>>> print(open('final-v9.pdb').read())   # PDB, C-alpha atoms and all ligand atoms
ATOM      1  CA  MET A 113      43.602  -5.462 -18.744
ATOM      2  CA  ARG A 114      46.900  -3.629 -18.369
ATOM      3  CA  VAL A 115      50.068  -5.263 -17.084
ATOM      4  CA  ILE A 116      52.280  -2.705 -15.341
ATOM      5  CA  GLN A 117      55.766  -3.246 -13.934
ATOM      6  CA  THR A 118      56.736   0.103 -12.502
ATOM      7  CA  ILE A 119      55.480   2.110  -9.544
ATOM      8  CA  ALA A 120      55.579   5.326 -11.594
ATOM      9  CA  GLU A 121      53.374   3.943 -14.364
ATOM     10  CA  LEU A 122      50.967   2.368 -11.890
ATOM     11  CA  ARG A 123      50.622   5.626  -9.971
ATOM     12  CA  SER A 124      49.938   7.602 -13.102
ATOM     13  CA  SER A 125      47.324   5.052 -14.275
ATOM     14  CA  LEU A 126      45.545   5.215 -10.929
ATOM     15  CA  SER A 127      45.873   8.959 -10.317
ATOM     16  CA  THR A 128      42.263   9.787 -11.244
ATOM     17  CA  GLU A 129      40.654   6.700  -9.654
ATOM     18  CA  ARG A 130      38.605   7.256  -6.489
ATOM     19  CA  HIS A 131      37.818   3.619  -5.695
ATOM     20  CA  ILE A 132      40.570   1.037  -5.991
ATOM     21  CA  SER A 133      40.388  -2.579  -4.811
ATOM     22  CA  LEU A 134      43.666  -4.426  -4.420
ATOM     23  CA  VAL A 135      44.224  -8.195  -4.424
ATOM     24  CA  PRO A 136      47.849  -8.832  -3.375
ATOM     25  CA  THR A 137      49.214 -12.207  -4.559
ATOM     26  CA  MET A 138      52.463 -14.011  -5.217
ATOM     27  CA  GLY A 139      51.114 -15.425  -8.484
ATOM     28  CA  ASN A 140      50.628 -19.031  -9.601
ATOM     29  CA  LEU A 141      46.965 -18.204  -9.383
ATOM     30  CA  HIS A 142      44.107 -20.642  -8.789
ATOM     31  CA  GLU A 143      40.356 -20.487  -8.127
ATOM     32  CA  GLY A 144      41.053 -19.250  -4.591
ATOM     33  CA  HIS A 145      42.773 -16.139  -5.903
ATOM     34  CA  LEU A 146      40.079 -15.666  -8.530
ATOM     35  CA  SER A 147      37.398 -15.667  -5.842
ATOM     36  CA  LEU A 148      39.308 -12.775  -4.194
ATOM     37  CA  VAL A 149      39.305 -10.937  -7.516
ATOM     38  CA  GLN A 150      35.546 -11.541  -7.766
ATOM     39  CA  ALA A 151      35.081 -10.090  -4.270
ATOM     40  CA  ALA A 152      37.072  -7.034  -5.396
ATOM     41  CA  ARG A 153      35.042  -6.832  -8.625
ATOM     42  CA  ARG A 154      31.814  -6.576  -6.624
ATOM     43  CA  ARG A 155      33.104  -3.262  -5.247
ATOM     44  CA  GLU A 156      32.853   0.015  -7.093
ATOM     45  CA  GLY A 157      35.894   1.099  -9.095
ATOM     46  CA  VAL A 158      39.045  -0.385 -10.508
ATOM     47  CA  VAL A 159      40.481  -3.810  -9.566
ATOM     48  CA  VAL A 160      44.255  -4.134  -9.233
ATOM     49  CA  ALA A 161      45.962  -7.502  -8.607
ATOM     50  CA  SER A 162      49.618  -7.516  -7.658
ATOM     51  CA  ILE A 163      51.934 -10.419  -8.418
ATOM     52  CA  PHE A 164      55.204 -10.320  -6.536
ATOM     53  CA  VAL A 165      57.099 -13.209  -4.946
ATOM     54  CA  ASN A 166      58.324 -11.331  -1.911
ATOM     55  CA  PRO A 167      61.848 -12.422  -0.891
ATOM     56  CA  LEU A 168      61.438 -10.709   2.489
ATOM     57  CA  GLN A 169      58.939 -13.287   3.716
ATOM     58  CA  PHE A 170      61.032 -16.379   2.909
ATOM     59  CA  ALA A 171      63.706 -17.706   5.259
ATOM     60  CA  PRO A 172      66.933 -18.815   3.532
ATOM     61  CA  HIS A 173      65.962 -22.520   3.786
ATOM     62  CA  GLU A 174      62.465 -21.949   2.384
ATOM     63  CA  ASP A 175      61.099 -22.273  -1.155
ATOM     64  CA  PHE A 176      61.695 -18.764  -2.583
ATOM     65  CA  ALA A 177      63.768 -20.041  -5.531
ATOM     66  CA  ARG A 178      61.367 -22.815  -6.485
ATOM     67  CA  TYR A 179      58.164 -20.878  -5.792
ATOM     68  CA  PRO A 180      56.177 -21.299  -9.037
ATOM     69  CA  ARG A 181      56.292 -18.283 -11.360
ATOM     70  CA  THR A 182      53.593 -18.524 -14.036
ATOM     71  CA  LEU A 183      53.032 -14.931 -15.098
ATOM     72  CA  ASP A 184      51.496 -15.534 -18.557
ATOM     73  CA  ASP A 185      48.924 -18.018 -17.255
ATOM     74  CA  ASP A 186      48.216 -15.752 -14.280
ATOM     75  CA  CYS A 187      47.527 -12.791 -16.586
ATOM     76  CA  ASP A 188      45.146 -14.895 -18.720
ATOM     77  CA  LEU A 189      43.221 -15.935 -15.604
ATOM     78  CA  LEU A 190      43.109 -12.391 -14.240
ATOM     79  CA  ALA A 191      41.877 -10.998 -17.561
ATOM     80  CA  GLU A 192      39.081 -13.603 -17.637
ATOM     81  CA  GLY A 193      38.357 -12.892 -13.962
ATOM     82  CA  GLY A 194      37.658  -9.207 -14.591
ATOM     83  CA  CYS A 195      40.844  -7.660 -13.241
ATOM     84  CA  ASP A 196      41.657  -4.203 -14.677
ATOM     85  CA  ILE A 197      45.353  -3.850 -13.856
ATOM     86  CA  VAL A 198      48.042  -6.374 -12.924
ATOM     87  CA  PHE A 199      51.005  -4.892 -11.092
ATOM     88  CA  THR A 200      54.040  -7.166 -11.518
ATOM     89  CA  PRO A 201      57.081  -5.350 -10.151
ATOM     90  CA  GLY A 202      60.486  -7.016 -10.207
ATOM     91  CA  PRO A 203      62.570  -7.241  -7.025
ATOM     92  CA  GLN A 204      64.565  -4.136  -8.054
ATOM     93  CA  GLU A 205      61.380  -2.100  -8.345
ATOM     94  CA  MET A 206      60.111  -3.160  -4.911
ATOM     95  CA  TYR A 207      63.499  -3.191  -3.185
ATOM     96  CA  PRO A 208      65.845  -0.818  -5.060
ATOM     97  CA  VAL A 209      67.880  -0.525  -1.868
ATOM     98  CA  PRO A 210      68.030  -3.044   0.969
ATOM     99  CA  GLN A 211      64.734  -2.826   2.857
ATOM    100  CA  GLU A 212      65.984  -1.627   6.209
ATOM    101  CA  PHE A 213      62.736  -0.059   7.405
ATOM    102  CA  ARG A 214      60.418  -2.922   8.203
ATOM    103  CA  VAL A 215      57.043  -3.312   9.859
ATOM    104  CA  GLN A 216      57.178  -5.004  13.259
ATOM    105  CA  PRO A 217      53.759  -6.573  13.801
ATOM    106  CA  SER A 218      52.304  -7.144  17.238
ATOM    107  CA  ALA A 219      53.908 -10.183  18.874
ATOM    108  CA  THR A 220      50.518 -11.343  20.160
ATOM    109  CA  VAL A 221      49.266 -12.244  16.704
ATOM    110  CA  ALA A 222      52.511 -12.510  14.764
ATOM    111  CA  ASP A 223      54.875 -14.474  17.014
ATOM    112  CA  VAL A 224      52.613 -17.487  17.545
ATOM    113  CA  LEU A 225      51.701 -20.400  15.232
ATOM    114  CA  GLU A 226      53.117 -19.490  11.785
ATOM    115  CA  GLY A 227      55.268 -16.775  13.338
ATOM    116  CA  ALA A 228      56.778 -19.253  15.812
ATOM    117  CA  PHE A 229      57.652 -21.747  13.067
ATOM    118  CA  ARG A 230      58.590 -19.115  10.470
ATOM    119  CA  PRO A 231      60.347 -16.353  12.449
ATOM    120  CA  GLY A 232      60.314 -13.052  10.571
ATOM    121  CA  PHE A 233      57.615 -14.218   8.172
ATOM    122  CA  PHE A 234      55.033 -11.655   9.256
ATOM    123  CA  ILE A 235      57.611  -8.870   9.283
ATOM    124  CA  GLY A 236      58.227  -9.685   5.610
ATOM    125  CA  VAL A 237      54.523  -9.933   4.830
ATOM    126  CA  SER A 238      53.565  -6.730   6.690
ATOM    127  CA  THR A 239      56.402  -4.772   5.108
ATOM    128  CA  VAL A 240      55.540  -5.731   1.534
ATOM    129  CA  VAL A 241      51.810  -5.302   2.130
ATOM    130  CA  LEU A 242      52.373  -1.821   3.559
ATOM    131  CA  LYS A 243      54.557  -0.947   0.546
ATOM    132  CA  LEU A 244      51.866  -2.252  -1.824
ATOM    133  CA  PHE A 245      49.242  -0.225   0.055
ATOM    134  CA  ASN A 246      51.408   2.903  -0.268
ATOM    135  CA  ILE A 247      52.024   2.269  -3.954
ATOM    136  CA  VAL A 248      48.440   1.410  -4.962
ATOM    137  CA  GLN A 249      46.591   3.452  -2.280
ATOM    138  CA  PRO A 250      43.570   1.159  -2.407
ATOM    139  CA  THR A 251      40.262   1.866  -0.701
ATOM    140  CA  VAL A 252      39.680  -1.881  -0.333
ATOM    141  CA  ALA A 253      42.082  -4.839  -0.130
ATOM    142  CA  VAL A 254      41.102  -8.502  -0.248
ATOM    143  CA  PHE A 255      42.912 -11.310   1.605
ATOM    144  CA  GLY A 256      41.976 -14.989   1.808
ATOM    145  CA  LYS A 257      40.978 -16.705   5.053
ATOM    146  CA  LYS A 258      43.192 -19.619   3.997
ATOM    147  CA  ASP A 259      46.044 -17.520   5.455
ATOM    148  CA  TYR A 260      44.035 -16.772   8.575
ATOM    149  CA  GLN A 261      46.858 -15.403  10.678
ATOM    150  CA  GLN A 262      48.078 -13.213   7.818
ATOM    151  CA  LEU A 263      44.590 -11.749   7.521
ATOM    152  CA  LEU A 264      44.600 -10.899  11.238
ATOM    153  CA  VAL A 265      48.085  -9.368  11.082
ATOM    154  CA  VAL A 266      47.065  -7.201   8.114
ATOM    155  CA  ARG A 267      43.831  -6.138   9.827
ATOM    156  CA  GLN A 268      45.789  -5.139  12.954
ATOM    157  CA  MET A 269      48.351  -3.242  10.897
ATOM    158  CA  VAL A 270      45.608  -1.316   9.099
ATOM    159  CA  GLY A 271      43.904  -0.550  12.417
ATOM    160  CA  GLN A 272      46.964   0.440  14.416
ATOM    161  CA  LEU A 273      48.591   2.460  11.622
ATOM    162  CA  CYS A 274      45.286   4.211  10.731
ATOM    163  CA  LEU A 275      45.382   3.160   7.087
ATOM    164  CA  PRO A 276      42.160   4.201   5.339
ATOM    165  CA  ILE A 277      41.649   0.773   3.761
ATOM    166  CA  GLU A 278      38.776  -1.659   4.189
ATOM    167  CA  ILE A 279      40.035  -5.225   4.481
ATOM    168  CA  ILE A 280      37.734  -7.884   3.003
ATOM    169  CA  ALA A 281      38.182 -11.552   3.947
ATOM    170  CA  GLY A 282      37.657 -14.096   1.167
ATOM    171  CA  GLU A 283      36.473 -17.610   2.052
ATOM    172  CA  THR A 284      38.869 -20.511   1.497
ATOM    173  CA  VAL A 285      38.237 -22.361  -1.757
ATOM    174  CA  ARG A 286      38.616 -26.159  -1.622
ATOM    175  CA  ASP A 287      38.787 -28.898  -4.218
ATOM    176  CA  ALA A 288      36.263 -31.761  -4.248
ATOM    177  CA  SER A 289      38.330 -33.691  -1.655
ATOM    178  CA  GLY A 290      38.311 -30.768   0.801
ATOM    179  CA  LEU A 291      41.933 -29.783   0.170
ATOM    180  CA  ALA A 292      42.315 -26.009   0.454
ATOM    181  CA  LEU A 293      43.614 -24.576  -2.822
ATOM    182  CA  SER A 294      47.196 -23.334  -2.500
ATOM    183  CA  SER A 295      50.031 -22.634  -4.878
ATOM    184  CA  ARG A 296      52.139 -25.025  -2.796
ATOM    185  CA  ASN A 297      49.795 -27.947  -3.646
ATOM    186  CA  GLY A 298      51.698 -28.021  -6.932
ATOM    187  CA  TYR A 299      54.730 -29.413  -5.060
ATOM    188  CA  LEU A 300      52.797 -32.548  -4.034
ATOM    189  CA  THR A 301      53.350 -35.873  -5.776
ATOM    190  CA  GLU A 302      50.250 -37.727  -6.986
ATOM    191  CA  ASP A 303      50.189 -39.925  -3.846
ATOM    192  CA  GLU A 304      50.750 -36.953  -1.567
ATOM    193  CA  ARG A 305      47.934 -35.098  -3.249
ATOM    194  CA  SER A 306      45.427 -37.793  -2.342
ATOM    195  CA  GLU A 307      46.806 -37.876   1.223
ATOM    196  CA  ALA A 308      46.756 -34.064   1.528
ATOM    197  CA  THR A 309      43.015 -33.998   2.211
ATOM    198  CA  ALA A 310      43.786 -35.593   5.615
ATOM    199  CA  LEU A 311      44.768 -32.157   6.965
ATOM    200  CA  SER A 312      41.349 -30.588   6.384
ATOM    201  CA  SER A 313      39.611 -33.813   7.559
ATOM    202  CA  CYS A 314      41.654 -33.676  10.756
ATOM    203  CA  LEU A 315      40.735 -30.026  11.385
ATOM    204  CA  LEU A 316      37.079 -30.799  10.639
ATOM    205  CA  ARG A 317      37.141 -33.564  13.279
ATOM    206  CA  VAL A 318      38.612 -31.098  15.789
ATOM    207  CA  ALA A 319      35.898 -28.571  14.913
ATOM    208  CA  GLU A 320      33.223 -31.268  15.386
ATOM    209  CA  ARG A 321      34.587 -32.255  18.818
ATOM    210  CA  VAL A 322      34.504 -28.634  19.934
ATOM    211  CA  ARG A 323      31.040 -28.053  18.467
ATOM    212  CA  SER A 324      29.759 -31.097  20.349
ATOM    213  CA  GLY A 325      31.026 -29.729  23.655
ATOM    214  CA  GLY A 326      34.717 -30.747  23.826
ATOM    215  CA  ARG A 327      36.597 -28.221  25.978
ATOM    216  CA  ASP A 328      39.817 -30.095  26.770
ATOM    217  CA  TRP A 329      41.690 -28.076  24.172
ATOM    218  CA  SER A 330      45.142 -29.577  24.661
ATOM    219  CA  THR A 331      43.895 -33.180  24.510
ATOM    220  CA  ILE A 332      41.895 -32.471  21.355
ATOM    221  CA  GLU A 333      44.921 -30.752  19.762
ATOM    222  CA  ALA A 334      47.317 -33.542  20.784
ATOM    223  CA  THR A 335      44.968 -36.224  19.398
ATOM    224  CA  ALA A 336      44.855 -34.365  16.087
ATOM    225  CA  VAL A 337      48.656 -34.047  15.951
ATOM    226  CA  ASP A 338      49.025 -37.771  16.733
ATOM    227  CA  SER A 339      46.553 -38.731  14.009
ATOM    228  CA  LEU A 340      48.506 -36.762  11.412
ATOM    229  CA  GLN A 341      51.814 -38.205  12.625
ATOM    230  CA  ALA A 342      50.373 -41.723  12.387
ATOM    231  CA  ARG A 343      49.676 -41.061   8.693
ATOM    232  CA  GLY A 344      53.268 -39.971   8.035
ATOM    233  CA  TRP A 345      52.843 -36.202   8.345
ATOM    234  CA  HIS A 346      55.193 -33.924  10.311
ATOM    235  CA  PRO A 347      52.804 -31.529  12.054
ATOM    236  CA  ASP A 348      54.066 -28.177  13.356
ATOM    237  CA  TYR A 349      50.833 -27.472  15.230
ATOM    238  CA  VAL A 350      47.111 -28.003  15.461
ATOM    239  CA  ALA A 351      45.709 -25.205  17.602
ATOM    240  CA  ILE A 352      42.251 -24.147  18.735
ATOM    241  CA  ARG A 353      42.285 -20.383  19.094
ATOM    242  CA  ARG A 354      40.060 -17.353  19.421
ATOM    243  CA  ARG A 355      39.151 -16.014  15.993
ATOM    244  CA  SER A 356      39.613 -12.416  17.104
ATOM    245  CA  ASP A 357      43.284 -12.507  18.154
ATOM    246  CA  LEU A 358      44.461 -16.151  18.056
ATOM    247  CA  GLY A 359      44.673 -16.206  21.847
ATOM    248  CA  ALA A 360      43.903 -19.404  23.758
ATOM    249  CA  PRO A 361      40.154 -19.855  24.250
ATOM    250  CA  THR A 362      38.897 -18.758  27.650
ATOM    251  CA  ARG A 363      35.092 -18.751  27.374
ATOM    252  CA  ASP A 364      32.578 -19.417  24.622
ATOM    253  CA  GLU A 365      34.093 -17.067  22.058
ATOM    254  CA  LEU A 366      34.152 -17.604  18.331
ATOM    255  CA  LEU A 367      36.939 -20.069  17.636
ATOM    256  CA  VAL A 368      39.056 -21.298  14.758
ATOM    257  CA  VAL A 369      41.213 -24.403  14.519
ATOM    258  CA  LEU A 370      44.452 -23.889  12.623
ATOM    259  CA  GLY A 371      46.938 -26.488  11.473
ATOM    260  CA  ALA A 372      50.302 -26.641   9.737
ATOM    261  CA  ALA A 373      52.065 -29.832   8.767
ATOM    262  CA  ARG A 374      54.642 -31.132   6.340
ATOM    263  CA  LEU A 375      53.800 -33.898   3.909
ATOM    264  CA  GLY A 376      57.016 -35.027   2.274
ATOM    265  CA  SER A 377      58.815 -31.794   1.414
ATOM    266  CA  THR A 378      55.648 -29.685   1.229
ATOM    267  CA  ARG A 379      54.406 -27.623   4.160
ATOM    268  CA  LEU A 380      50.643 -27.090   4.095
ATOM    269  CA  ILE A 381      48.478 -24.869   6.293
ATOM    270  CA  ASP A 382      44.721 -24.841   6.718
ATOM    271  CA  ASN A 383      42.066 -23.707   9.175
ATOM    272  CA  ILE A 384      38.375 -24.153   9.890
ATOM    273  CA  GLU A 385      36.203 -21.647  11.699
ATOM    274  CA  ILE A 386      34.290 -23.439  14.429
TER     275      ILE A 386
HETATM  276  O1  LIG A 401      49.379 -14.370   0.712
HETATM  277  C1  LIG A 401      50.277 -14.048  -0.112
HETATM  278  O2  LIG A 401      50.255 -14.451  -1.268
HETATM  279  C2  LIG A 401      51.405 -13.135   0.356
HETATM  280  O3  LIG A 401      51.755 -13.393   1.672
HETATM  281  C3  LIG A 401      51.106 -11.642   0.134
HETATM  282  C4  LIG A 401      49.928 -11.178   0.982
HETATM  283  C5  LIG A 401      50.816 -11.380  -1.335
HETATM  284  C6  LIG A 401      52.333 -10.815   0.541
HETATM  285  O4  LIG A 401      53.451 -11.161  -0.193
END
>>> encode(input="final-v9.pdb", output="structure tokens")
Amino acid sequence: MRVIQTIAELRSSLSTERHISLVPTMGNLHEGHLSLVQAARRREGVVVASIFVNPLQFAPHEDFARYPRTLDDDCDLLAEGGCDIVFTPGPQEMYPVPQEFRVQPSATVADVLEGAFRPGFFIGVSTVVLKLFNIVQPTVAVFGKKDYQQLLVVRQMVGQLCLPIEIIAGETVRDASGLALSSRNGYLTEDERSEATALSSCLLRVAERVRSGGRDWSTIEATAVDSLQARGWHPDYVAIRRRSDLGAPTRDELLVVLGAARLGSTRLIDNIEI
């Protein structure tokens, strides 16, 4: 496996490749990321993973500075996982000048839920993902369903900007307690870690109520928020939405329940397809 830091070297290494699968990450890798690499590996051609903690997608009060950076361990995992090239640009390589051109995603999918609580987040994500796509020129890119809204934003960007890239969705990987794997789980104290499973349990209960005929969306959502609050969480939202565009459900479409809540100083997100 090669570890490459510059755009020029990456481009020259990939210049003769016809099939490239990209797994964009911010590092601090876990089994969830490795399952995305495996999905990429199942495709023909070369597998590239990028590791870049993107400053553009963090608000000033967020955890950019303390976001875990574990490059050596990440490279070991990627090598074992069958990755061919790791692209690890520094901030100067990705943003040699202030990034004034940015991608403005559609408000319908990007200004709700995460976008409402993290204004500008999806502009930062879309901009870096588009730059990575332009740098790597992949035929396939893999994103996890754990970041459900991000996956939708990227899919829309690829569709509306006519990018010739197939987007593959990787299933969320959970630990034995049901907690969705996330780099931010590392912030949790031991006690918080055992409590953290309550988020997925709460979303599962919502999914069950809907599956068994519940259609009073706002009551179901409010009950879920209350139950998290009662356990000491600070929920931002629990929302039942259409899978296709995160709009409010109108008929019997495919649905997803998404939740975001703070436990202590850690903000966790999760979702369950209904
Ligand atoms: O999901 C992530 O890790 C990031 O948002 C991504 C897609 C790598 C962009 O920085």
>>> residues_around(input="final-v9.pdb", residues="His173 of chain A", least_positions_apart="6", cutoff="12 Å", atoms="only C-alpha atoms", output="VMD selection string")
chain A and resid 167 230 377
>>> write_last_selection(input="final-v9.pdb", atoms="C-alpha atoms", output="mmCIF file, in the frame of the given file")
data_model
loop_
_atom_site.group_PDB
_atom_site.id
_atom_site.type_symbol
_atom_site.label_atom_id
_atom_site.label_comp_id
_atom_site.auth_asym_id
_atom_site.auth_seq_id
_atom_site.Cartn_x
_atom_site.Cartn_y
_atom_site.Cartn_z
ATOM 1 C CA PRO A 167 61.848 -12.422 -0.891
ATOM 2 C CA ARG A 230 58.590 -19.115 10.470
ATOM 3 C CA SER A 377 58.815 -31.794 1.414
#
>>> closest_atom_pairs(input="final-v9.pdb", of="segment 305-324 of chain A", to="segment 290-297 of chain A", cutoff="8 Å", atoms="only C-alpha atoms", output="tab-separated table")
residue	atom	partner	partner_atom	distance
A:Arg305	CA	A:Asn297	CA	7.4
A:Ala308	CA	A:Leu291	CA	6.6
A:Thr309	CA	A:Leu291	CA	4.8
A:Leu311	CA	A:Leu291	CA	7.7
A:Ser312	CA	A:Leu291	CA	6.3
A:Ser313	CA	A:Gly290	CA	7.5
>>> closest_atom_pairs(input="final-v9.pdb", of="chain A", to="ligand LIG 401 (chain A)", cutoff="7 Å", atoms="only C-alpha atoms and all ligand atoms", output="JSON lines")
{"residue": "A:Pro136", "atom": "CA", "partner": "A:LIG401", "partner_atom": "C5", "distance": 4.4}
{"residue": "A:Thr137", "atom": "CA", "partner": "A:LIG401", "partner_atom": "C5", "distance": 3.7}
{"residue": "A:Met138", "atom": "CA", "partner": "A:LIG401", "partner_atom": "O2", "distance": 4.5}
{"residue": "A:Phe164", "atom": "CA", "partner": "A:LIG401", "partner_atom": "O4", "distance": 6.6}
{"residue": "A:Val165", "atom": "CA", "partner": "A:LIG401", "partner_atom": "O4", "distance": 6.3}
{"residue": "A:Asn166", "atom": "CA", "partner": "A:LIG401", "partner_atom": "O4", "distance": 5.2}
{"residue": "A:Val237", "atom": "CA", "partner": "A:LIG401", "partner_atom": "C6", "distance": 4.9}
{"residue": "A:Val240", "atom": "CA", "partner": "A:LIG401", "partner_atom": "O4", "distance": 6.1}
{"residue": "A:Val241", "atom": "CA", "partner": "A:LIG401", "partner_atom": "C6", "distance": 5.8}
{"residue": "A:Asp259", "atom": "CA", "partner": "A:LIG401", "partner_atom": "O1", "distance": 6.6}
>>> residues_near_point(input="final-v9.pdb", point="(29.8, -0.5, -5.8)", cutoff="12 Å", atoms="all atoms listed in the file", output="mmCIF file with C-alpha atoms, keeping the file's coordinate frame")
data_model
loop_
_atom_site.group_PDB
_atom_site.id
_atom_site.type_symbol
_atom_site.label_atom_id
_atom_site.label_comp_id
_atom_site.auth_asym_id
_atom_site.auth_seq_id
_atom_site.Cartn_x
_atom_site.Cartn_y
_atom_site.Cartn_z
ATOM 1 C CA ARG A 130 38.605 7.256 -6.489
ATOM 2 C CA HIS A 131 37.818 3.619 -5.695
ATOM 3 C CA ILE A 132 40.570 1.037 -5.991
ATOM 4 C CA SER A 133 40.388 -2.579 -4.811
ATOM 5 C CA ALA A 151 35.081 -10.090 -4.270
ATOM 6 C CA ALA A 152 37.072 -7.034 -5.396
ATOM 7 C CA ARG A 153 35.042 -6.832 -8.625
ATOM 8 C CA ARG A 154 31.814 -6.576 -6.624
ATOM 9 C CA ARG A 155 33.104 -3.262 -5.247
ATOM 10 C CA GLU A 156 32.853 0.015 -7.093
ATOM 11 C CA GLY A 157 35.894 1.099 -9.095
ATOM 12 C CA VAL A 158 39.045 -0.385 -10.508
ATOM 13 C CA VAL A 159 40.481 -3.810 -9.566
ATOM 14 C CA THR A 251 40.262 1.866 -0.701
ATOM 15 C CA VAL A 252 39.680 -1.881 -0.333
#
>>> closest_atom_pairs(input="final-v9.pdb", of="segment 229-303 of chain A", to="segment 354-359 of chain A", cutoff="10 Å", atoms="all atoms listed in the file", output="tab-separated table")
residue	atom	partner	partner_atom	distance
A:Tyr260	CA	A:Arg355	CA	8.9
A:Gln261	CA	A:Leu358	CA	7.8
A:Leu264	CA	A:Asp357	CA	7.2
A:Val265	CA	A:Asp357	CA	9.1
A:Gln268	CA	A:Asp357	CA	9.4
>>> atom_distance(input="final-v9.pdb", atom1="atom CA of Ile235 of chain A", atom2="atom CA of Cys274 of chain A")
18.0 Å
